[in-house]
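> data.pdb is reproduced below (PDB, C-alpha atoms).
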ATOM      1  CA  MET I  21       4.046 -24.441   2.661
ATOM      2  CA  SER I  22       3.638 -23.763  -1.046
ATOM      3  CA  LEU I  23       1.338 -20.932  -2.082
ATOM      4  CA  THR I  24      -0.304 -23.372  -4.486
ATOM      5  CA  SER I  25      -1.268 -26.702  -3.013
ATOM      6  CA  GLU I  26      -0.361 -29.923  -4.757
ATOM      7  CA  SER I  27      -3.999 -30.541  -5.600
ATOM      8  CA  GLY I  28      -4.189 -27.028  -7.058
ATOM      9  CA  VAL I  29      -1.173 -27.674  -9.283
ATOM     10  CA  ARG I  30      -2.640 -30.917 -10.566
ATOM     11  CA  ALA I  31      -5.985 -29.298 -11.260
ATOM     12  CA  ALA I  32      -4.424 -26.268 -12.926
ATOM     13  CA  GLY I  33      -2.391 -28.494 -15.205
ATOM     14  CA  ARG I  34      -5.389 -30.338 -16.622
ATOM     15  CA  ALA I  35      -7.030 -29.288 -19.841
ATOM     16  CA  ARG I  36     -10.778 -28.877 -19.633
ATOM     17  CA  ARG I  37     -12.454 -31.998 -20.981
ATOM     18  CA  PRO I  38     -15.957 -33.455 -21.259
ATOM     19  CA  GLY I  39     -17.347 -35.446 -18.381
ATOM     20  CA  ARG I  40     -17.101 -35.042 -14.637
ATOM     21  CA  PRO I  41     -15.111 -31.903 -13.638
ATOM     22  CA  PRO I  42     -11.968 -32.354 -11.543
ATOM     23  CA  THR I  43     -12.367 -32.172  -7.778
ATOM     24  CA  ILE I  44     -11.063 -28.945  -6.244
ATOM     25  CA  ASP I  45     -10.930 -27.596  -2.717
ATOM     26  CA  ALA I  46     -10.563 -24.206  -1.067
ATOM     27  CA  ALA I  47      -6.760 -24.461  -1.039
ATOM     28  CA  ALA I  48      -6.648 -25.160  -4.774
ATOM     29  CA  ILE I  49      -8.883 -22.159  -5.446
ATOM     30  CA  GLY I  50      -6.752 -19.985  -3.180
ATOM     31  CA  GLY I  51      -3.623 -21.087  -5.021
ATOM     32  CA  ALA I  52      -5.246 -20.230  -8.334
ATOM     33  CA  VAL I  53      -6.176 -16.765  -7.028
ATOM     34  CA  VAL I  54      -2.546 -16.172  -6.033
ATOM     35  CA  THR I  55      -1.361 -17.300  -9.475
ATOM     36  CA  VAL I  56      -3.882 -15.173 -11.354
ATOM     37  CA  GLY I  57      -3.072 -12.178  -9.138
ATOM     38  CA  PHE I  58      -5.214 -10.186  -6.725
ATOM     39  CA  ARG I  59      -5.592  -7.277  -9.130
ATOM     40  CA  GLU I  60      -6.803  -9.431 -11.998
ATOM     41  CA  VAL I  61      -8.783 -12.086 -10.143
ATOM     42  CA  THR I  62     -12.218 -13.016 -11.470
ATOM     43  CA  PHE I  63     -14.303 -16.172 -11.214
ATOM     44  CA  ALA I  64     -13.712 -16.774 -14.912
ATOM     45  CA  ALA I  65      -9.917 -16.465 -14.572
ATOM     46  CA  VAL I  66      -9.779 -18.795 -11.554
ATOM     47  CA  ALA I  67     -12.067 -21.360 -13.176
ATOM     48  CA  ASP I  68      -9.986 -21.304 -16.329
ATOM     49  CA  ARG I  69      -6.795 -21.731 -14.310
ATOM     50  CA  LEU I  70      -8.239 -24.791 -12.577
ATOM     51  CA  GLY I  71      -9.852 -26.240 -15.692
ATOM     52  CA  VAL I  72     -13.356 -26.230 -14.225
ATOM     53  CA  GLY I  73     -16.597 -24.360 -14.762
ATOM     54  CA  GLN I  74     -17.340 -21.201 -12.805
ATOM     55  CA  ALA I  75     -20.192 -22.970 -11.012
ATOM     56  CA  THR I  76     -17.626 -25.257  -9.372
ATOM     57  CA  VAL I  77     -15.724 -22.264  -8.008
ATOM     58  CA  TYR I  78     -18.966 -20.678  -6.769
ATOM     59  CA  ARG I  79     -19.531 -23.722  -4.562
ATOM     60  CA  HIS I  80     -16.539 -22.594  -2.500
ATOM     61  CA  ALA I  81     -16.847 -18.794  -2.798
ATOM     62  CA  ALA I  82     -20.172 -16.993  -3.025
ATOM     63  CA  ASN I  83     -18.721 -13.668  -4.203
ATOM     64  CA  ARG I  84     -15.474 -12.007  -5.229
ATOM     65  CA  ASP I  85     -14.521 -11.062  -1.662
ATOM     66  CA  GLU I  86     -14.807 -14.691  -0.596
ATOM     67  CA  LEU I  87     -12.714 -15.672  -3.613
ATOM     68  CA  VAL I  88     -10.049 -13.139  -2.641
ATOM     69  CA  ARG I  89     -10.194 -14.311   0.992
ATOM     70  CA  LEU I  90      -9.249 -17.838  -0.133
ATOM     71  CA  GLY I  91      -6.313 -16.380  -2.040
ATOM     72  CA  LEU I  92      -5.204 -14.314   0.930
ATOM     73  CA  GLU I  93      -5.343 -17.388   3.152
ATOM     74  CA  GLU I  94      -2.961 -19.207   0.831
ATOM     75  CA  ALA I  95      -0.666 -16.192   0.420
ATOM     76  CA  VAL I  96      -0.411 -15.447   4.140
ATOM     77  CA  SER I  97      -0.110 -19.091   5.189
ATOM     78  CA  GLY I  98       2.647 -19.684   2.648
ATOM     79  CA  PHE I  99       4.723 -16.605   3.449
ATOM     80  CA  ALA I 100       8.006 -17.023   5.383
ATOM     81  CA  TRP I 101       7.174 -15.063   8.547
ATOM     82  CA  PRO I 102       9.906 -14.360  11.119
ATOM     83  CA  ASP I 103      10.193 -15.944  14.540
ATOM     84  CA  LEU I 104       8.884 -14.485  17.797
ATOM     85  CA  THR I 105      12.161 -14.299  19.690
ATOM     86  CA  GLY I 106      14.031 -11.336  21.144
ATOM     87  CA  ARG I 107      13.000  -7.978  22.573
ATOM     88  CA  TRP I 108       9.546  -6.631  21.782
ATOM     89  CA  ASP I 109      10.893  -3.791  19.614
ATOM     90  CA  SER I 110      13.067  -5.979  17.391
ATOM     91  CA  LEU I 111      10.231  -8.489  17.169
ATOM     92  CA  LEU I 112       7.712  -5.851  16.059
ATOM     93  CA  ARG I 113      10.185  -4.367  13.589
ATOM     94  CA  ARG I 114      10.852  -7.754  11.960
ATOM     95  CA  TRP I 115       7.162  -8.551  11.677
ATOM     96  CA  ALA I 116       6.188  -5.129  10.355
ATOM     97  CA  VAL I 117       8.823  -5.281   7.624
ATOM     98  CA  ALA I 118       7.816  -8.860   6.812
ATOM     99  CA  SER I 119       4.211  -7.704   6.488
ATOM    100  CA  TRP I 120       5.283  -4.953   4.087
ATOM    101  CA  ARG I 121       7.221  -7.488   2.056
ATOM    102  CA  ALA I 122       4.276  -9.888   1.983
ATOM    103  CA  TRP I 123       2.033  -7.234   0.438
ATOM    104  CA  GLU I 124       4.828  -6.287  -1.960
ATOM    105  CA  LYS I 125       4.989  -9.911  -3.124
ATOM    106  CA  HIS I 126       1.246  -9.965  -3.865
ATOM    107  CA  PRO I 127       0.214  -6.691  -5.545
ATOM    108  CA  GLY I 128      -3.400  -5.782  -4.898
ATOM    109  CA  ALA I 129      -3.714  -7.926  -1.778
ATOM    110  CA  VAL I 130      -3.326  -5.002   0.621
ATOM    111  CA  PHE I 131      -6.319  -3.225  -0.935
ATOM    112  CA  ALA I 132      -8.499  -6.236  -0.101
ATOM    113  CA  ILE I 133      -7.146  -6.288   3.459
ATOM    114  CA  SER I 134      -7.966  -2.593   3.792
ATOM    115  CA  ARG I 135     -11.569  -3.313   2.749
ATOM    116  CA  GLY I 136     -11.890  -5.785   5.588
ATOM    117  CA  VAL I 137     -11.356  -9.008   3.631
ATOM    118  CA  ILE I 138      -9.480 -10.777   6.419
ATOM    119  CA  PRO I 139      -8.533 -14.468   6.234
ATOM    120  CA  PRO I 140      -8.232 -16.583   9.401
ATOM    121  CA  SER I 141      -4.452 -16.759   8.992
ATOM    122  CA  ILE I 142      -4.103 -13.004   9.586
ATOM    123  CA  VAL I 143      -6.201 -13.252  12.742
ATOM    124  CA  GLY I 144      -3.913 -16.050  13.892
ATOM    125  CA  LEU I 145      -0.795 -13.987  13.220
ATOM    126  CA  ALA I 146      -2.165 -11.059  15.217
ATOM    127  CA  ASP I 147      -2.979 -13.416  18.100
ATOM    128  CA  ARG I 148       0.567 -14.774  18.095
ATOM    129  CA  ILE I 149       2.288 -11.400  17.974
ATOM    130  CA  GLY I 150      -0.004  -9.877  20.580
ATOM    131  CA  GLY I 151       0.550 -12.893  22.802
ATOM    132  CA  ALA I 152       4.308 -12.506  22.429
ATOM    133  CA  LEU I 153       4.050  -8.894  23.615
ATOM    134  CA  VAL I 154       1.973  -9.946  26.636
ATOM    135  CA  GLU I 155       4.695 -12.470  27.476
ATOM    136  CA  ARG I 156       7.107  -9.528  27.501
ATOM    137  CA  GLY I 157       5.068  -7.566  30.013
ATOM    138  CA  PHE I 158       2.564  -5.610  27.893
ATOM    139  CA  ILE I 159      -1.022  -5.563  29.098
ATOM    140  CA  ALA I 160      -3.359  -7.038  26.491
ATOM    141  CA  ALA I 161      -4.922  -3.698  25.487
ATOM    142  CA  ASP I 162      -1.510  -2.116  24.903
ATOM    143  CA  ALA I 163      -0.288  -5.167  23.016
ATOM    144  CA  VAL I 164      -3.261  -4.930  20.654
ATOM    145  CA  LEU I 165      -2.695  -1.200  20.130
ATOM    146  CA  ALA I 166       1.005  -1.750  19.383
ATOM    147  CA  VAL I 167       0.279  -4.523  16.882
ATOM    148  CA  ASP I 168      -2.435  -2.469  15.223
ATOM    149  CA  LEU I 169      -0.145   0.563  14.923
ATOM    150  CA  VAL I 170       2.708  -1.216  13.147
ATOM    151  CA  PHE I 171       0.555  -3.346  10.862
ATOM    152  CA  ASP I 172      -1.702  -0.441   9.926
ATOM    153  CA  LEU I 173       1.433   1.507   9.058
ATOM    154  CA  ALA I 174       2.707  -1.342   6.873
ATOM    155  CA  ALA I 175      -0.627  -1.719   5.072
ATOM    156  CA  ASP I 176      -1.195   2.023   4.600
ATOM    157  CA  ASN I 177       2.331   2.595   3.350
ATOM    158  CA  ARG I 178       2.226  -0.367   0.979
ATOM    159  CA  ARG I 179      -1.160   0.729  -0.386
ATOM    160  CA  GLY I 180       0.226   4.212  -1.084
ATOM    161  CA  VAL I 181       3.293   2.774  -2.809
ATOM    162  CA  GLU I 182       1.137   0.633  -5.081
ATOM    163  CA  ALA I 183      -1.130   3.541  -5.913
ATOM    164  CA  LEU I 184       1.869   5.660  -6.911
ATOM    165  CA  ASP I 185       3.674   2.954  -8.889
ATOM    166  CA  THR I 186       0.843   1.162 -10.708
ATOM    167  CA  ILE I 187       0.634   1.689 -14.465
ATOM    168  CA  ARG I 188      -2.955   0.967 -15.453
ATOM    169  CA  GLU I 189      -2.907   1.638 -19.199
ATOM    170  CA  PRO I 190      -0.288   0.949 -21.918
ATOM    171  CA  GLY I 191       1.892   3.989 -22.391
ATOM    172  CA  GLU I 192       0.784   5.565 -19.123
ATOM    173  CA  THR I 193       3.396   6.701 -16.619
ATOM    174  CA  ALA I 194       3.161   5.843 -12.944
ATOM    175  CA  ALA I 195       1.713   8.505 -10.671
ATOM    176  CA  ARG I 196       4.975   8.761  -8.719
ATOM    177  CA  GLY I 197       6.581  10.622 -11.615
ATOM    178  CA  GLY I 198       3.795  13.187 -11.612
ATOM    179  CA  VAL I 199       4.041  13.681  -7.862
ATOM    180  CA  GLU I 200       7.792  14.217  -8.085
ATOM    181  CA  HIS I 201       7.372  16.653 -10.983
ATOM    182  CA  GLY I 202       4.850  18.645  -8.947
ATOM    183  CA  TRP I 203       7.176  18.958  -5.976
ATOM    184  CA  ARG I 204      10.157  19.825  -8.166
ATOM    185  CA  THR I 205       8.490  22.522 -10.249
ATOM    186  CA  ALA I 206       6.155  24.267  -7.806
ATOM    187  CA  PRO I 207       7.601  27.633  -6.717
ATOM    188  CA  VAL I 208       8.943  27.830  -3.188
ATOM    189  CA  SER I 209       6.994  30.494  -1.353
ATOM    190  CA  PRO I 210       9.020  33.225   0.324
ATOM    191  CA  GLY I 211       9.473  32.929   4.041
ATOM    192  CA  PRO I 212      11.888  31.674   6.671
ATOM    193  CA  GLU I 213      15.155  30.108   5.569
ATOM    194  CA  GLY I 214      15.182  26.374   5.147
ATOM    195  CA  ARG I 215      12.222  25.969   2.835
ATOM    196  CA  HIS I 216      14.464  24.991  -0.083
ATOM    197  CA  GLU I 217      16.057  22.311   2.092
ATOM    198  CA  VAL I 218      12.620  21.062   3.078
ATOM    199  CA  ARG I 219      11.578  20.905  -0.577
ATOM    200  CA  ALA I 220      14.722  18.991  -1.489
ATOM    201  CA  GLU I 221      14.085  16.495   1.306
ATOM    202  CA  MET I 222      10.506  15.990   0.136
ATOM    203  CA  VAL I 223      11.718  15.180  -3.372
ATOM    204  CA  ARG I 224      14.253  12.776  -1.886
ATOM    205  CA  ALA I 225      11.489  11.097   0.115
ATOM    206  CA  ILE I 226       9.479  10.585  -3.079
ATOM    207  CA  ARG I 227      12.463   9.019  -4.836
ATOM    208  CA  VAL I 228      13.892   6.901  -2.011
ATOM    209  CA  GLU I 229      13.365   3.139  -1.980
ATOM    210  CA  PRO I 230       9.836   2.718  -0.552
ATOM    211  CA  VAL I 231      10.837   0.154   2.066
ATOM    212  CA  GLU I 232      13.587   2.470   3.327
ATOM    213  CA  TRP I 233      11.093   5.289   3.883
ATOM    214  CA  PHE I 234       8.698   2.834   5.538
ATOM    215  CA  GLU I 235      11.393   1.679   7.959
ATOM    216  CA  ARG I 236      12.122   5.266   8.951
ATOM    217  CA  LYS I 237       8.448   5.831   9.750
ATOM    218  CA  LEU I 238       8.381   2.524  11.595
ATOM    219  CA  GLY I 239      11.269   3.635  13.795
ATOM    220  CA  VAL I 240       9.271   6.692  14.901
ATOM    221  CA  VAL I 241       6.224   4.530  15.690
ATOM    222  CA  LEU I 242       8.328   2.069  17.691
ATOM    223  CA  ALA I 243       9.814   4.945  19.673
ATOM    224  CA  GLY I 244       6.286   6.083  20.504
ATOM    225  CA  ILE I 245       5.317   2.580  21.592
ATOM    226  CA  ALA I 246       8.405   2.462  23.811
ATOM    227  CA  GLN I 247       7.399   5.740  25.427
ATOM    228  CA  GLU I 248       3.667   5.182  25.821
ATOM    229  CA  LEU I 249       2.887   1.462  25.869
ATOM    230  CA  ALA I 250       5.895  -0.728  26.623
ATOM    231  CA  PRO I 251       6.527  -2.015  30.135
ATOM    232  CA  ARG I 252       9.510  -0.517  31.866
ATOM    233  CA  GLN I 253      10.945  -3.974  32.461
ATOM    234  CA  GLU I 254      10.107  -6.763  30.060
ATOM    235  CA  GLU I 255      10.496 -10.479  30.218
ATOM    236  CA  THR I 256      12.321 -11.968  27.221
ATOM    237  CA  PRO I 257      11.219 -15.527  26.484
TER     238      PRO I 257
END
Could you rewrite the structure in this file as structure tokens?

Amino acid sequence: MSLTSESGVRAAGRARRPGRPPTIDAAAIGGAVVTVGFREVTFAAVADRLGVGQATVYRHAANRDELVRLGLEEAVSGFAWPDLTGRWDSLLRRWAVASWRAWEKHPGAVFAISRGVIPPSIVGLADRIGGALVERGFIAADAVLAVDLVFDLAADNRRGVEALDTIREPGETAARGGVEHGWRTAPVSPGPEGRHEVRAEMVRAIRVEPVEWFERKLGVVLAGIAQELAPRQEETP
């Protein structure tokens, strides 16, 4: 599925002209939100993209959160999610990394998710993944907890990455550089041996590819799920 529906592309390509405004639907608006970008989205920007008046957009979205929700629905529905085959741990790993990549593809989207702007497609994904874990022997409560753990981790990590790497003003440096500078230049307090090694590892963690650091954290979470929640013998569909 394309992130911008065919009707959205046609509408977006029209110049605004006198007379009856072009017909749009929720999918077209969602596609326009994705194109404009979740950080920059406004009713004016979406209306301009579609070649309609803002009042037309308001008929489908009463406020900015509803506008963003339509965009999230298109973004999530159009993303290439993995399959639900294999062991529960490999399945959860694939889906958690895919979730991280989905938010990477759409900067700003994860902040809306964290505010509780949840489209139906995300609810459907959670149902599917949780159901797959139940098929593998998890009880429903443990399946929900496992899904929540890995997807919260993906969202929280992605939100932190965006906060550190966003440049908001021309000429401004990203916050990540300041964080690294702070860790590099702060004096190491005297104490047990190993503190210099710890400091060096912290600097490395700041500089490492964000998805690599996320996957390391994910491995620890999956190990905890294996210990505390997973059935001792699972069924593999």
> With only C-alpha atoms as the atoms that count, which of I:Arg59, I:Arg79, I:Arg121, I:Arg107 lies nearest to Gly91 (chain I)?
I:Arg59
> Written as a ChimeraX atom specification, what is the full residue list that the PyMOL selection byres ((chain I and resi 64) around 12) yields on the file shown?
/I:49,52-53,56,60-63,65-78,84,87
> Write out as a list in words which residues come within 9 Å of region 108-110 of chain I when counting all atoms listed in the file, dropping same-chain ones fewer than 6 positions away.
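Close residues of region 108-110 of chain I: Ala152, Leu153, Arg156, Leu242, Ala243, Ile245, Ala246, Ala250, Glu254 and Thr256 of chain I.
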> Name all residues at most 12 Å from region 139-144 of chain I (count only C-alpha atoms; drop same-chain ones fewer than 5 positions away) and give them as a list in words.
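In the requested form, the answer reads Gly50, Asp85, Glu86, Leu87, Val88, Arg89, Leu90, Gly91, Leu92, Glu93, Glu94, Ala95, Val96, Ser97, Gly98, Phe99, Trp101, Ser119, Ala122, Ala129, Ala132, Ile133, Ile149, Gly150, Gly151, Val164, Val167, Asp168 and Phe171 of chain I.
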> Between I:Arg196, I:Arg219, I:Arg135, I:His80, which residue has the minimum interatomic distance to Asp45 (chain I), considering all atoms listed in the file?
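Nearest candidate to Asp45 (chain I) out of I:Arg196, I:Arg219, I:Arg135, I:His80: I:His80.
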> Take every atom of region 97-109 of chain I listed in the file, pad by 3 Å on each side, and give me the axis-aligned box centre and edge lengths in Å, one decimal, as AutoDock Vina command-line options.

--center_x 7.0 --center_y -11.7 --center_z 12.6 --size_x 20.1 --size_y 21.9 --size_z 25.9
> How far is it from CA of Thr205 (chain I) to CA of Val223 (chain I), in Å with one decimal?
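Going from CA of Thr205 (chain I) over to CA of Val223 (chain I) covers 10.6 Å.
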> Quick one, how far is CA of Ala174 (chain I) from CA of Leu238 (chain I)?
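Calculated distance between CA of Ala174 (chain I) and CA of Leu238 (chain I) is 8.3 Å.
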> Which residues are near Arg178 (chain I)? Cut-off 9 Å, all atoms listed in the file, ignore same chain within fewer than 6 positions. Put them as an MDAnalysis selection string.
chainID I and resid 120:121 123:124 130 230:231 234
> Could you check the closest approach to Val54 (chain I) for each of I:Gly128, I:Ala116, I:Trp233, I:His201 and tell me which residue wins, using all atoms listed in the file?
I:Gly128
> Kindly indicate which residue among I:Leu165, I:Leu111, I:Ala220, I:Ala100 lies nearest to Lys125 (chain I), using all atoms listed in the file for the distances.
I:Ala100
> One number please: CA of Gln247 (chain I) to CA of Pro102 (chain I), in Å, one decimal.
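One can read the CA of Gln247 (chain I) to CA of Pro102 (chain I) distance as 24.8 Å.
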> Measuring atom to atom with only C-alpha atoms, identify which of I:Ala146, I:Ile226, I:Leu249, I:Leu184 is nearest to Phe158 (chain I).
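Ranking I:Ala146, I:Ile226, I:Leu249, I:Leu184 by distance to Phe158 (chain I), first place goes to I:Leu249.
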> Nearest to Gly202 (chain I): which of I:Ala175, I:Ala183, I:Ala166, I:Met222 is it, counting all atoms listed in the file?
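Ranking I:Ala175, I:Ala183, I:Ala166, I:Met222 by distance to Gly202 (chain I), first place goes to I:Met222.
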